[in-house]
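Student: For reference, the file my_file-v4.csv (CSV, C-alpha atoms (C1' of nucleotides)) is included below:
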```
chain,number,residue,atom,x,y,z
A,10,MET,CA,65.6,18.0,-42.8
A,11,ASN,CA,67.0,15.7,-45.5
A,12,ILE,CA,65.1,12.7,-46.9
A,13,GLY,CA,67.2,10.3,-44.9
A,14,GLU,CA,66.3,12.1,-41.6
A,15,ALA,CA,62.7,12.3,-42.6
A,16,ALA,CA,62.7,8.6,-43.3
A,17,LYS,CA,64.1,7.8,-39.9
A,18,ALA,CA,61.7,10.2,-38.2
A,19,SER,CA,58.6,8.8,-40.0
A,20,GLY,CA,59.4,5.2,-40.5
A,21,VAL,CA,58.9,5.5,-44.2
A,22,SER,CA,61.9,4.6,-46.3
A,23,ALA,CA,63.5,7.3,-48.5
A,24,LYS,CA,62.7,5.1,-51.4
A,25,MET,CA,59.0,5.1,-50.6
A,26,ILE,CA,59.0,8.8,-49.8
A,27,ARG,CA,60.2,9.5,-53.3
A,28,TYR,CA,57.7,7.0,-54.7
A,29,TYR,CA,54.8,8.6,-52.8
A,30,GLU,CA,55.9,12.0,-54.2
A,31,SER,CA,56.0,10.6,-57.7
A,32,THR,CA,52.5,9.2,-57.6
A,33,GLY,CA,51.1,12.4,-56.1
A,34,LEU,CA,50.1,10.9,-52.8
A,35,ILE,CA,52.2,13.6,-51.1
A,36,PRO,CA,53.0,17.0,-52.6
A,37,ALA,CA,56.5,17.5,-54.0
A,38,ALA,CA,59.0,18.4,-51.3
A,39,GLY,CA,61.0,21.6,-51.4
A,40,ARG,CA,64.5,21.5,-52.7
A,41,THR,CA,67.8,23.0,-51.7
A,42,GLY,CA,69.8,24.8,-54.3
A,43,SER,CA,71.6,21.6,-55.1
A,44,GLY,CA,68.5,19.6,-55.5
A,45,TYR,CA,68.2,17.8,-52.2
A,46,ARG,CA,64.6,17.4,-50.9
A,47,VAL,CA,63.8,19.2,-47.7
A,48,TYR,CA,61.2,18.2,-45.2
A,49,SER,CA,59.4,20.1,-42.4
A,50,ASP,CA,57.9,18.6,-39.3
A,51,THR,CA,54.5,18.9,-40.9
A,52,GLU,CA,55.6,16.8,-43.8
A,53,VAL,CA,57.1,14.2,-41.5
A,54,GLN,CA,53.8,14.1,-39.7
A,55,MET,CA,52.1,13.4,-42.9
A,56,LEU,CA,54.5,10.6,-43.6
A,57,ARG,CA,53.9,9.1,-40.2
A,58,PHE,CA,50.2,9.2,-41.0
A,59,ILE,CA,50.8,7.3,-44.1
A,60,ARG,CA,53.0,4.8,-42.4
A,61,ARG,CA,50.5,4.2,-39.7
A,62,SER,CA,47.7,3.8,-42.2
A,63,ARG,CA,49.8,1.2,-44.2
A,64,ASP,CA,50.4,-0.6,-40.9
A,65,LEU,CA,46.7,-0.9,-40.6
A,66,GLY,CA,46.5,-2.5,-44.0
A,67,PHE,CA,45.0,0.4,-45.9
A,68,PRO,CA,46.0,0.4,-49.6
A,69,VAL,CA,47.6,3.6,-50.8
A,70,GLU,CA,44.5,4.4,-52.8
A,71,LYS,CA,42.5,4.6,-49.5
A,72,ILE,CA,45.2,6.5,-47.8
A,73,GLU,CA,44.7,9.2,-50.4
A,74,GLU,CA,41.1,9.5,-49.2
A,75,LEU,CA,42.2,9.4,-45.5
A,76,LEU,CA,44.7,12.2,-46.1
A,77,ALA,CA,42.1,14.3,-47.8
A,78,LEU,CA,39.8,13.9,-44.9
A,79,TRP,CA,42.7,14.6,-42.5
A,80,ARG,CA,43.4,17.9,-44.2
A,81,ASP,CA,39.7,18.8,-44.5
A,82,ARG,CA,38.7,20.7,-41.4
A,83,SER,CA,35.1,20.5,-42.4
A,84,ARG,CA,35.1,16.7,-42.9
A,85,GLN,CA,32.4,14.5,-41.4
A,86,SER,CA,33.7,11.8,-39.1
A,87,ALA,CA,31.2,9.5,-40.7
A,88,ASP,CA,33.3,9.5,-43.8
A,89,VAL,CA,36.4,8.5,-41.9
A,90,LYS,CA,34.5,5.8,-40.0
A,91,ARG,CA,33.1,4.4,-43.3
A,92,LEU,CA,36.6,4.0,-44.6
A,93,ALA,CA,37.7,2.2,-41.4
A,94,LEU,CA,34.7,-0.1,-41.5
A,95,ASP,CA,35.3,-0.9,-45.1
A,96,GLN,CA,38.9,-1.8,-44.2
A,97,ILE,CA,37.6,-4.0,-41.4
A,98,ASP,CA,35.3,-5.8,-43.7
A,99,GLY,CA,38.1,-6.4,-46.2
A,100,LEU,CA,40.4,-7.7,-43.5
A,101,ALA,CA,37.6,-9.9,-42.2
A,102,ARG,CA,37.0,-11.4,-45.6
A,103,LYS,CA,40.6,-12.1,-46.2
A,104,ILE,CA,41.0,-13.6,-42.7
A,105,SER,CA,38.1,-15.9,-43.3
A,106,GLU,CA,39.4,-17.1,-46.6
A,107,MET,CA,42.8,-17.9,-45.0
A,108,GLN,CA,41.0,-19.5,-42.1
A,109,ALA,CA,39.2,-21.8,-44.5
A,110,MET,CA,42.5,-22.7,-46.2
A,111,MET,CA,44.0,-23.4,-42.8
A,112,ASP,CA,41.2,-25.5,-41.6
A,113,THR,CA,41.4,-27.7,-44.7
A,114,LEU,CA,45.2,-28.0,-44.4
A,115,ARG,CA,44.9,-28.8,-40.7
A,116,HIS,CA,42.4,-31.5,-41.5
A,117,LEU,CA,44.6,-33.0,-44.2
A,118,ALA,CA,47.8,-32.8,-42.1
A,119,ASP,CA,46.0,-34.5,-39.2
A,120,ALA,CA,45.1,-37.3,-41.6
A,121,CYS,CA,48.7,-37.7,-42.7
A,122,CYS,CA,50.8,-39.9,-40.5
A,123,GLY,CA,54.0,-38.1,-41.6
A,124,ASP,CA,56.4,-40.9,-41.6
A,125,HIS,CA,58.8,-42.6,-44.0
A,126,ARG,CA,56.1,-44.2,-46.0
A,127,PRO,CA,54.9,-42.6,-49.3
A,128,ASP,CA,51.1,-42.9,-48.7
A,129,CYS,CA,49.8,-39.4,-48.1
A,130,PRO,CA,46.2,-38.2,-47.9
A,131,ILE,CA,47.4,-34.6,-48.6
A,132,LEU,CA,48.7,-35.5,-52.0
A,133,VAL,CA,45.6,-37.6,-52.7
A,134,ASP,CA,43.4,-34.6,-51.9
A,135,LEU,CA,45.5,-32.2,-54.0
A,136,GLY,CA,45.4,-34.7,-56.9
A,137,ASN,CA,41.6,-35.1,-56.7
A,138,GLY,CA,40.8,-31.4,-56.9
A,139,PRO,CA,38.4,-29.3,-54.9
A,140,ALA,CA,35.9,-31.1,-52.8
A,141,GLN,CA,36.3,-34.4,-54.7
A,142,GLY,CA,35.0,-35.5,-58.0
A,143,GLN,CA,33.0,-32.4,-58.6
A,144,ALA,CA,33.3,-31.3,-62.2
A,145,THR,CA,36.1,-33.7,-62.9
A,146,ALA,CA,34.7,-34.7,-66.2
A,147,ARG,CA,33.7,-32.5,-69.0
A,148,THR,CA,36.3,-34.1,-71.2
A,149,ALA,CA,37.1,-37.5,-72.5
A,150,ARG,CA,36.3,-39.4,-69.4
A,151,ARG,CA,38.3,-42.4,-70.6
B,224,MET,CA,42.9,-31.5,-75.9
B,225,ASN,CA,43.5,-27.8,-76.7
B,226,ILE,CA,44.7,-25.4,-74.1
B,227,GLY,CA,41.2,-23.9,-73.8
B,228,GLU,CA,39.7,-27.3,-73.0
B,229,ALA,CA,42.5,-28.1,-70.6
B,230,ALA,CA,41.8,-24.7,-68.9
B,231,LYS,CA,38.2,-25.4,-68.4
B,232,ALA,CA,38.9,-29.0,-67.3
B,233,SER,CA,41.5,-27.9,-64.7
B,234,GLY,CA,40.3,-24.5,-63.6
B,235,VAL,CA,43.6,-23.0,-64.5
B,236,SER,CA,43.3,-20.2,-67.1
B,237,ALA,CA,45.0,-20.7,-70.5
B,238,LYS,CA,47.2,-17.7,-69.7
B,239,MET,CA,48.4,-19.3,-66.5
B,240,ILE,CA,49.0,-22.7,-68.1
B,241,ARG,CA,51.4,-21.0,-70.6
B,242,TYR,CA,53.0,-19.1,-67.7
B,243,TYR,CA,53.5,-22.3,-65.7
B,244,GLU,CA,55.1,-23.8,-68.7
B,245,SER,CA,57.4,-20.9,-69.3
B,246,THR,CA,58.6,-20.9,-65.7
B,247,GLY,CA,59.2,-24.7,-65.8
B,248,LEU,CA,56.6,-25.5,-63.2
B,249,ILE,CA,55.1,-27.9,-65.7
B,250,PRO,CA,56.9,-29.6,-68.6
B,251,ALA,CA,56.4,-28.1,-72.1
B,252,ALA,CA,53.2,-29.5,-73.6
B,253,GLY,CA,53.2,-31.4,-76.9
B,254,ARG,CA,52.3,-29.5,-80.0
B,255,THR,CA,50.2,-30.1,-83.1
B,256,GLY,CA,51.8,-29.6,-86.5
B,257,SER,CA,50.5,-26.0,-86.5
B,258,GLY,CA,51.9,-25.2,-83.1
B,259,TYR,CA,48.8,-25.7,-80.9
B,260,ARG,CA,49.6,-27.1,-77.4
B,261,VAL,CA,48.0,-30.5,-76.7
B,262,TYR,CA,47.1,-31.8,-73.3
B,263,SER,CA,46.5,-35.3,-72.0
B,264,ASP,CA,44.3,-36.2,-69.1
B,265,THR,CA,47.5,-36.8,-67.0
B,266,GLU,CA,48.6,-33.2,-67.7
B,267,VAL,CA,45.1,-31.9,-66.8
B,268,GLN,CA,45.4,-33.8,-63.6
B,269,MET,CA,48.6,-32.1,-62.8
B,270,LEU,CA,47.0,-28.7,-63.6
B,271,ARG,CA,44.2,-29.5,-61.2
B,272,PHE,CA,46.8,-30.4,-58.6
B,273,ILE,CA,48.3,-27.0,-59.1
B,274,ARG,CA,45.0,-25.2,-59.0
B,275,ARG,CA,44.0,-27.0,-55.8
B,276,SER,CA,47.4,-26.2,-54.2
B,277,ARG,CA,47.0,-22.5,-55.1
B,278,ASP,CA,43.5,-22.5,-53.6
B,279,LEU,CA,45.1,-23.6,-50.4
B,280,GLY,CA,47.5,-20.7,-50.6
B,281,PHE,CA,50.7,-22.4,-51.5
B,282,PRO,CA,53.1,-20.2,-53.4
B,283,VAL,CA,54.2,-21.6,-56.8
B,284,GLU,CA,57.6,-22.2,-55.3
B,285,LYS,CA,56.2,-24.6,-52.8
B,286,ILE,CA,54.0,-26.2,-55.4
B,287,GLU,CA,57.1,-27.1,-57.3
B,288,GLU,CA,58.2,-29.2,-54.2
B,289,LEU,CA,54.7,-30.6,-53.8
B,290,LEU,CA,54.7,-31.7,-57.4
B,291,ALA,CA,58.1,-33.3,-57.1
B,292,LEU,CA,56.8,-35.3,-54.1
B,293,TRP,CA,53.6,-36.2,-55.9
B,294,ARG,CA,55.6,-37.7,-58.7
B,295,ASP,CA,58.1,-39.4,-56.4
B,296,ARG,CA,56.7,-42.8,-55.6
B,297,SER,CA,59.4,-43.3,-52.9
B,298,ARG,CA,58.6,-40.0,-51.2
B,299,GLN,CA,58.1,-39.9,-47.4
B,300,SER,CA,54.8,-38.6,-46.3
B,301,ALA,CA,56.7,-36.7,-43.6
B,302,ASP,CA,58.1,-34.4,-46.3
B,303,VAL,CA,54.6,-33.6,-47.5
B,304,LYS,CA,53.3,-33.0,-44.1
B,305,ARG,CA,56.1,-30.7,-43.3
B,306,LEU,CA,55.2,-28.5,-46.3
B,307,ALA,CA,51.6,-28.5,-45.2
B,308,LEU,CA,52.5,-27.6,-41.6
B,309,ASP,CA,54.7,-24.8,-42.8
B,310,GLN,CA,51.9,-23.5,-44.9
B,311,ILE,CA,49.6,-23.6,-41.9
B,312,ASP,CA,52.2,-21.6,-39.9
B,313,GLY,CA,52.5,-19.0,-42.6
B,314,LEU,CA,48.7,-18.6,-42.8
B,315,ALA,CA,48.4,-18.4,-39.0
B,316,ARG,CA,51.0,-15.7,-38.9
B,317,LYS,CA,49.3,-13.6,-41.6
B,318,ILE,CA,45.9,-14.2,-40.0
B,319,SER,CA,47.2,-12.9,-36.6
B,320,GLU,CA,48.7,-9.9,-38.2
B,321,MET,CA,45.5,-9.0,-39.9
B,322,GLN,CA,43.6,-9.8,-36.8
B,323,ALA,CA,45.7,-7.3,-34.9
B,324,MET,CA,45.0,-4.7,-37.6
B,325,MET,CA,41.4,-5.4,-37.4
B,326,ASP,CA,41.3,-5.2,-33.6
B,327,THR,CA,42.9,-1.8,-33.7
B,328,LEU,CA,40.6,-0.6,-36.4
B,329,ARG,CA,37.5,-1.9,-34.5
B,330,HIS,CA,38.7,-0.1,-31.4
B,331,LEU,CA,39.2,3.1,-33.3
B,332,ALA,CA,35.9,2.8,-35.2
B,333,ASP,CA,34.0,2.2,-32.0
B,334,ALA,CA,35.5,5.4,-30.6
B,335,CYS,CA,34.4,7.4,-33.6
B,336,CYS,CA,30.8,8.6,-33.4
B,337,GLY,CA,30.6,8.7,-37.2
B,338,ASP,CA,28.4,11.8,-37.6
B,339,HIS,CA,28.5,15.1,-39.4
B,340,ARG,CA,31.1,16.6,-37.1
B,341,PRO,CA,34.8,16.7,-38.0
B,342,ASP,CA,36.2,15.3,-34.7
B,343,CYS,CA,37.5,11.9,-35.3
B,344,PRO,CA,39.7,9.7,-33.0
B,345,ILE,CA,40.6,7.6,-36.0
B,346,LEU,CA,42.4,10.5,-37.7
B,347,VAL,CA,43.9,11.5,-34.4
B,348,ASP,CA,45.4,8.1,-34.0
B,349,LEU,CA,46.7,8.0,-37.5
B,350,GLY,CA,48.3,11.4,-37.1
B,351,ASN,CA,50.0,10.4,-33.9
B,352,GLY,CA,51.7,7.4,-35.2
B,353,PRO,CA,52.2,4.0,-33.6
B,354,ALA,CA,51.8,4.1,-29.9
B,355,GLN,CA,51.8,7.9,-29.6
B,356,GLY,CA,54.4,10.6,-29.5
B,357,GLN,CA,57.4,8.4,-29.7
B,358,ALA,CA,60.3,10.1,-31.4
B,359,THR,CA,58.4,13.1,-32.5
B,360,ALA,CA,61.3,15.5,-32.1
B,361,ARG,CA,64.6,15.3,-33.8
B,362,THR,CA,63.5,18.4,-35.6
B,363,ALA,CA,65.3,21.2,-37.4
B,364,ARG,CA,68.8,20.7,-36.4
B,365,ARG,CA,70.1,22.5,-39.5
C,41,DC,C1',35.7,-19.0,-99.3
C,42,DT,C1',34.3,-16.5,-95.5
C,43,DT,C1',33.4,-15.9,-90.8
C,44,DG,C1',34.1,-16.5,-86.1
C,45,DA,C1',36.2,-18.8,-82.5
C,46,DC,C1',40.4,-20.3,-81.0
C,47,DC,C1',45.4,-20.5,-80.8
C,48,DT,C1',50.2,-18.3,-80.9
C,49,DT,C1',53.7,-14.9,-79.1
C,50,DG,C1',54.9,-10.6,-76.9
C,51,DC,C1',54.3,-6.6,-74.3
C,52,DC,C1',52.2,-3.9,-70.6
C,53,DA,C1',49.9,-3.3,-65.9
C,54,DT,C1',49.0,-4.5,-61.4
C,55,DC,C1',50.7,-3.1,-55.9
C,56,DA,C1',54.1,-1.6,-52.8
C,57,DT,C1',58.6,-2.4,-52.1
C,58,DG,C1',63.7,-3.2,-52.5
C,59,DG,C1',68.2,-3.3,-55.1
C,60,DG,C1',71.6,-1.3,-57.7
C,61,DA,C1',74.2,1.8,-60.8
C,62,DA,C1',76.1,6.3,-62.3
C,63,DG,C1',76.9,10.6,-60.9
C,64,DC,C1',76.6,14.9,-58.0
C,65,DC,C1',76.8,17.1,-53.1
C,66,DT,C1',78.3,17.7,-48.4
C,67,DT,C1',81.1,17.2,-44.6
C,68,DA,C1',85.0,15.9,-42.2
C,69,DT,C1',89.8,14.9,-42.0
C,70,DC,C1',94.5,15.5,-43.3
D,281,DG,C1',93.1,22.6,-50.9
D,282,DA,C1',92.6,17.7,-51.7
D,283,DT,C1',90.5,13.5,-50.7
D,284,DA,C1',87.5,10.0,-48.8
D,285,DA,C1',83.1,8.7,-46.9
D,286,DG,C1',78.5,8.8,-47.1
D,287,DG,C1',74.2,10.9,-48.5
D,288,DC,C1',71.5,12.6,-52.2
D,289,DT,C1',69.7,12.5,-57.2
D,290,DT,C1',67.5,9.9,-61.2
D,291,DC,C1',66.7,5.8,-63.8
D,292,DC,C1',66.1,1.0,-64.5
D,293,DC,C1',65.0,-3.7,-62.9
D,294,DA,C1',62.7,-7.3,-60.0
D,295,DT,C1',59.2,-9.2,-57.2
D,296,DG,C1',54.3,-12.9,-57.6
D,297,DA,C1',50.6,-14.3,-59.9
D,298,DT,C1',47.5,-12.7,-62.8
D,299,DG,C1',44.8,-10.2,-66.4
D,300,DG,C1',44.5,-7.5,-70.8
D,301,DC,C1',45.4,-6.3,-75.4
D,302,DA,C1',47.2,-6.7,-80.1
D,303,DA,C1',48.8,-8.7,-84.3
D,304,DG,C1',48.7,-12.7,-86.8
D,305,DG,C1',48.1,-17.9,-87.8
D,306,DT,C1',44.6,-21.9,-87.6
D,307,DC,C1',40.5,-24.6,-87.6
D,308,DA,C1',35.7,-25.7,-88.3
D,309,DA,C1',31.1,-24.7,-89.7
D,310,DG,C1',28.3,-22.6,-93.1
```
Can you give me the file's structure in the form of structure tokens?

Tutor:
Amino acid sequence: MNIGEAAKASGVSAKMIRYYESTGLIPAAGRTGSGYRVYSDTEVQMLRFIRRSRDLGFPVEKIEELLALWRDRSRQSADVKRLALDQIDGLARKISEMQAMMDTLRHLADACCGDHRPDCPILVDLGNGPAQGQATARTARR
Amino acid sequence: MNIGEAAKASGVSAKMIRYYESTGLIPAAGRTGSGYRVYSDTEVQMLRFIRRSRDLGFPVEKIEELLALWRDRSRQSADVKRLALDQIDGLARKISEMQAMMDTLRHLADACCGDHRPDCPILVDLGNGPAQGQATARTARR
DNA sequence: CTTGACCTTGCCATCATGGGAAGCCTTATC
DNA sequence: GATAAGGCTTCCCATGATGGCAAGGTCAAG
């Protein structure tokens, strides 16, 4: 199987397959006499594993660990579960950060009448800095 | 005010202040005879505006628009509100993507007993790809 | 005058991905 | 056999926002 076929079969672009190879995430593929990479079903399966892991938000660094566990028949499922739980924690943290941003924005947007007039509480808030007048003056307070 | 003081006063690092200047987000600061950048309170306020906008997740590209509206005394608050609502939509979209990842991971983690044994539904799922056994066989046609 | 803290520019790295160029290989068609 | 299309190869560049480091100039206190 050529890299293009492997890409279609795995959902990983040819570009990324080469990149993963260059960084050592996957072993170097075999080559034809003329230098084309060749992929077996096993390798395509590994690529799909990577794709799926990326879809779940794992950074490549963690996928390296996941792949190692995948290949290790004497692994302990606790190790896999820990990676998954860490990933859940990371996602939860990012989600709550974004939720906080969204709540603030929603609040501001609700206060803005959104018409042709220039008065806008959103701009006022942005101009005043985080949570109002906190730490606004360690300089010439003119 | 030197760049270091402006950085402390605005919450934007000196590095980023120079970067924003180089990209044209902010106008070039004045200079002392020896080449040091000098900042007025007005400029620090603009930096705080940027910082606050970044904290709400706006990309620099959008901050450019926000700054333009901020400076425009004949702006229409509707334009500001639209930017805010777009940002809310973007955040909501990302949050729901991450939430979906998290739900899947939680489901998988719940199914994994997480002990010393190697059997692990998480790895099985990752190995099977999205929604199972779809397109697993376009194999060795060569 | 020396020392240390601060400023300047410039380059490199991140993280995962896409784009493009220049050139070789393969396959199909005439 | 020649030619065209399309796939492959490598290499370089760009993203977005940020940090780090290095070499060298500047300023202020001692």

Student: Residues of chain B within 12 Å of chain C, counting all atoms listed in the file, what are they? List them as a PyMOL selection string.

Tutor: chain B and resi 225-228+237-238+241+254-255+257-261

Student: As a tab-separated table (two decimals) with C-alpha atoms, in the frame of the given file, please: chain B after a least-squares superposition onto chain A using all C-alpha atoms matched in order.

Tutor:
```
chain	number	residue	atom	x	y	z
B	224	MET	CA	65.66	17.95	-43.27
B	225	ASN	CA	67.07	15.57	-45.93
B	226	ILE	CA	65.09	12.67	-47.22
B	227	GLY	CA	67.20	10.25	-45.14
B	228	GLU	CA	66.37	12.12	-41.94
B	229	ALA	CA	62.73	12.37	-42.89
B	230	ALA	CA	62.79	8.56	-43.51
B	231	LYS	CA	64.14	7.77	-40.16
B	232	ALA	CA	61.82	10.31	-38.47
B	233	SER	CA	58.70	8.88	-40.18
B	234	GLY	CA	59.50	5.22	-40.61
B	235	VAL	CA	58.86	5.48	-44.29
B	236	SER	CA	61.90	4.48	-46.39
B	237	ALA	CA	63.50	7.14	-48.64
B	238	LYS	CA	62.58	4.99	-51.64
B	239	MET	CA	58.93	4.99	-50.65
B	240	ILE	CA	58.85	8.73	-49.91
B	241	ARG	CA	60.02	9.37	-53.53
B	242	TYR	CA	57.44	6.84	-54.77
B	243	TYR	CA	54.65	8.54	-52.82
B	244	GLU	CA	55.69	11.77	-54.33
B	245	SER	CA	55.78	10.44	-57.84
B	246	THR	CA	52.30	8.96	-57.54
B	247	GLY	CA	50.92	12.24	-56.08
B	248	LEU	CA	50.05	10.76	-52.74
B	249	ILE	CA	52.11	13.52	-51.18
B	250	PRO	CA	52.91	16.92	-52.71
B	251	ALA	CA	56.38	17.36	-54.30
B	252	ALA	CA	58.87	18.28	-51.59
B	253	GLY	CA	60.90	21.50	-51.74
B	254	ARG	CA	64.39	21.30	-53.09
B	255	THR	CA	67.78	22.73	-52.20
B	256	GLY	CA	69.74	24.56	-54.89
B	257	SER	CA	71.51	21.28	-55.73
B	258	GLY	CA	68.32	19.32	-56.07
B	259	TYR	CA	68.13	17.65	-52.62
B	260	ARG	CA	64.52	17.22	-51.32
B	261	VAL	CA	63.83	19.10	-48.06
B	262	TYR	CA	61.26	18.12	-45.52
B	263	SER	CA	59.52	20.08	-42.79
B	264	ASP	CA	58.16	18.65	-39.60
B	265	THR	CA	54.60	19.02	-41.08
B	266	GLU	CA	55.63	16.83	-44.04
B	267	VAL	CA	57.20	14.26	-41.66
B	268	GLN	CA	53.96	14.23	-39.81
B	269	MET	CA	52.10	13.43	-42.92
B	270	LEU	CA	54.61	10.62	-43.70
B	271	ARG	CA	54.01	9.19	-40.26
B	272	PHE	CA	50.29	9.36	-40.94
B	273	ILE	CA	50.88	7.34	-44.04
B	274	ARG	CA	53.12	4.85	-42.35
B	275	ARG	CA	50.62	4.34	-39.53
B	276	SER	CA	47.75	3.91	-42.06
B	277	ARG	CA	49.78	1.28	-43.97
B	278	ASP	CA	50.50	-0.55	-40.71
B	279	LEU	CA	46.79	-0.82	-40.29
B	280	GLY	CA	46.51	-2.32	-43.74
B	281	PHE	CA	44.98	0.48	-45.68
B	282	PRO	CA	45.82	0.41	-49.35
B	283	VAL	CA	47.48	3.62	-50.66
B	284	GLU	CA	44.28	4.36	-52.50
B	285	LYS	CA	42.36	4.58	-49.30
B	286	ILE	CA	45.12	6.53	-47.65
B	287	GLU	CA	44.67	9.17	-50.27
B	288	GLU	CA	41.01	9.59	-48.98
B	289	LEU	CA	42.17	9.45	-45.37
B	290	LEU	CA	44.67	12.18	-46.04
B	291	ALA	CA	42.12	14.34	-47.78
B	292	LEU	CA	39.87	14.01	-44.69
B	293	TRP	CA	42.75	14.69	-42.34
B	294	ARG	CA	43.42	17.94	-44.10
B	295	ASP	CA	39.75	18.88	-44.39
B	296	ARG	CA	38.87	20.78	-41.26
B	297	SER	CA	35.13	20.61	-42.19
B	298	ARG	CA	35.21	16.84	-42.68
B	299	GLN	CA	32.53	14.66	-41.03
B	300	SER	CA	33.84	12.05	-38.73
B	301	ALA	CA	31.26	9.72	-40.27
B	302	ASP	CA	33.30	9.68	-43.49
B	303	VAL	CA	36.38	8.59	-41.57
B	304	LYS	CA	34.59	5.97	-39.69
B	305	ARG	CA	33.13	4.56	-42.80
B	306	LEU	CA	36.63	4.07	-44.26
B	307	ALA	CA	37.72	2.41	-41.06
B	308	LEU	CA	34.67	0.11	-40.99
B	309	ASP	CA	35.26	-0.85	-44.58
B	310	GLN	CA	38.81	-1.67	-43.78
B	311	ILE	CA	37.67	-3.83	-40.89
B	312	ASP	CA	35.29	-5.67	-43.27
B	313	GLY	CA	38.02	-6.28	-45.78
B	314	LEU	CA	40.36	-7.65	-43.08
B	315	ALA	CA	37.59	-9.85	-41.64
B	316	ARG	CA	36.91	-11.28	-45.03
B	317	LYS	CA	40.58	-12.10	-45.72
B	318	ILE	CA	40.99	-13.47	-42.19
B	319	SER	CA	38.00	-15.86	-42.71
B	320	GLU	CA	39.34	-17.00	-45.99
B	321	MET	CA	42.67	-17.81	-44.53
B	322	GLN	CA	41.03	-19.34	-41.56
B	323	ALA	CA	39.14	-21.69	-43.84
B	324	MET	CA	42.42	-22.60	-45.57
B	325	MET	CA	44.00	-23.23	-42.31
B	326	ASP	CA	41.13	-25.37	-41.03
B	327	THR	CA	41.36	-27.57	-44.07
B	328	LEU	CA	45.08	-27.84	-43.82
B	329	ARG	CA	44.88	-28.71	-40.06
B	330	HIS	CA	42.33	-31.39	-40.87
B	331	LEU	CA	44.51	-32.83	-43.57
B	332	ALA	CA	47.70	-32.61	-41.48
B	333	ASP	CA	46.04	-34.35	-38.58
B	334	ALA	CA	45.08	-37.18	-40.92
B	335	CYS	CA	48.63	-37.58	-42.13
B	336	CYS	CA	50.78	-39.74	-39.86
B	337	GLY	CA	53.90	-37.93	-41.06
B	338	ASP	CA	56.33	-40.88	-41.08
B	339	HIS	CA	58.68	-42.57	-43.48
B	340	ARG	CA	55.91	-44.17	-45.50
B	341	PRO	CA	54.64	-42.66	-48.76
B	342	ASP	CA	50.87	-42.81	-48.00
B	343	CYS	CA	49.62	-39.38	-47.47
B	344	PRO	CA	45.97	-38.13	-47.26
B	345	ILE	CA	47.21	-34.63	-47.92
B	346	LEU	CA	48.44	-35.54	-51.41
B	347	VAL	CA	45.33	-37.58	-51.97
B	348	ASP	CA	43.19	-34.60	-51.25
B	349	LEU	CA	45.20	-32.33	-53.42
B	350	GLY	CA	45.04	-34.78	-56.30
B	351	ASN	CA	41.30	-35.10	-56.01
B	352	GLY	CA	40.51	-31.51	-56.24
B	353	PRO	CA	37.97	-29.45	-54.32
B	354	ALA	CA	35.31	-31.56	-52.79
B	355	GLN	CA	36.20	-34.76	-54.65
B	356	GLY	CA	35.52	-36.19	-58.04
B	357	GLN	CA	33.40	-33.41	-59.33
B	358	ALA	CA	33.67	-33.02	-63.07
B	359	THR	CA	36.45	-35.44	-63.51
B	360	ALA	CA	35.28	-36.70	-66.88
B	361	ARG	CA	34.77	-34.66	-69.95
B	362	THR	CA	37.71	-36.56	-71.31
B	363	ALA	CA	38.98	-37.34	-74.79
B	364	ARG	CA	36.15	-36.39	-76.93
B	365	ARG	CA	38.42	-35.85	-79.94
```

Student: Write out as a ChimeraX atom specification each polymer residue whose atoms come within 10 Å of stretch 287-295 of chain B, counting all atoms listed in the file; drop sequence neighbours fewer than 5 positions from it.

Tutor: /A:127,129,131-133,135-136 /B:247-249,269,272-273,276,281-282,300,302-303,306-307

Student: So which residues touch stretch 325-338 of chain B within 9 Å, counting only C-alpha atoms (C1' of nucleotides), skipping near sequence neighbours fewer than 3 positions away, as a PyMOL selection string?

Tutor: (chain A and resi 65-66+85-91+93-94+96-98+100-101) or (chain B and resi 320-322+341-345+348)

Student: What's the separation between atom CA of B:Tyr242 and atom CA of B:Lys285, in Å to one decimal place?

Tutor: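 Atom CA of B:Lys285 lies at a distance of 16.2 Å from atom CA of B:Tyr242.
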
Student: Atom CA of B:Gly253 and atom CA of B:Met239 are how many Å apart?

Tutor: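 One can read the atom CA of B:Gly253 to atom CA of B:Met239 distance as 16.7 Å.
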
Student: Based on all atoms listed in the file, which of the residues in chain D come within 9 Å of chain A? I want them as a list in words.

Tutor: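 The complete set of qualifying residues is DG287, DC288 and DT289 of chain D.
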
Student: Mind writing the picked residues with C-alpha atoms (C1' of nucleotides) as an mmCIF file, keeping the file's coordinate frame?

Tutor:
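Resulting contents of result.cif:
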```
data_model
loop_
_atom_site.group_PDB
_atom_site.id
_atom_site.type_symbol
_atom_site.label_atom_id
_atom_site.label_comp_id
_atom_site.auth_asym_id
_atom_site.auth_seq_id
_atom_site.Cartn_x
_atom_site.Cartn_y
_atom_site.Cartn_z
ATOM 1 C "C1'" DG D 287 74.200 10.900 -48.500
ATOM 2 C "C1'" DC D 288 71.500 12.600 -52.200
ATOM 3 C "C1'" DT D 289 69.700 12.500 -57.200
#
```

Student: What does the distance between atom CA of A:Met110 and atom CA of B:Asp278 come to in Å, to one decimal place?

Tutor: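 Taking atom CA of A:Met110 and atom CA of B:Asp278, their separation equals 7.5 Å.
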
Student: Let me make sure I understand: among A:Ala38, A:Val21, A:Ala109, A:Ile26, which one has the smallest atom-to-atom distance to chain B if we use all atoms listed in the file?

Tutor: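 The closest residue to chain B is A:Ala109.
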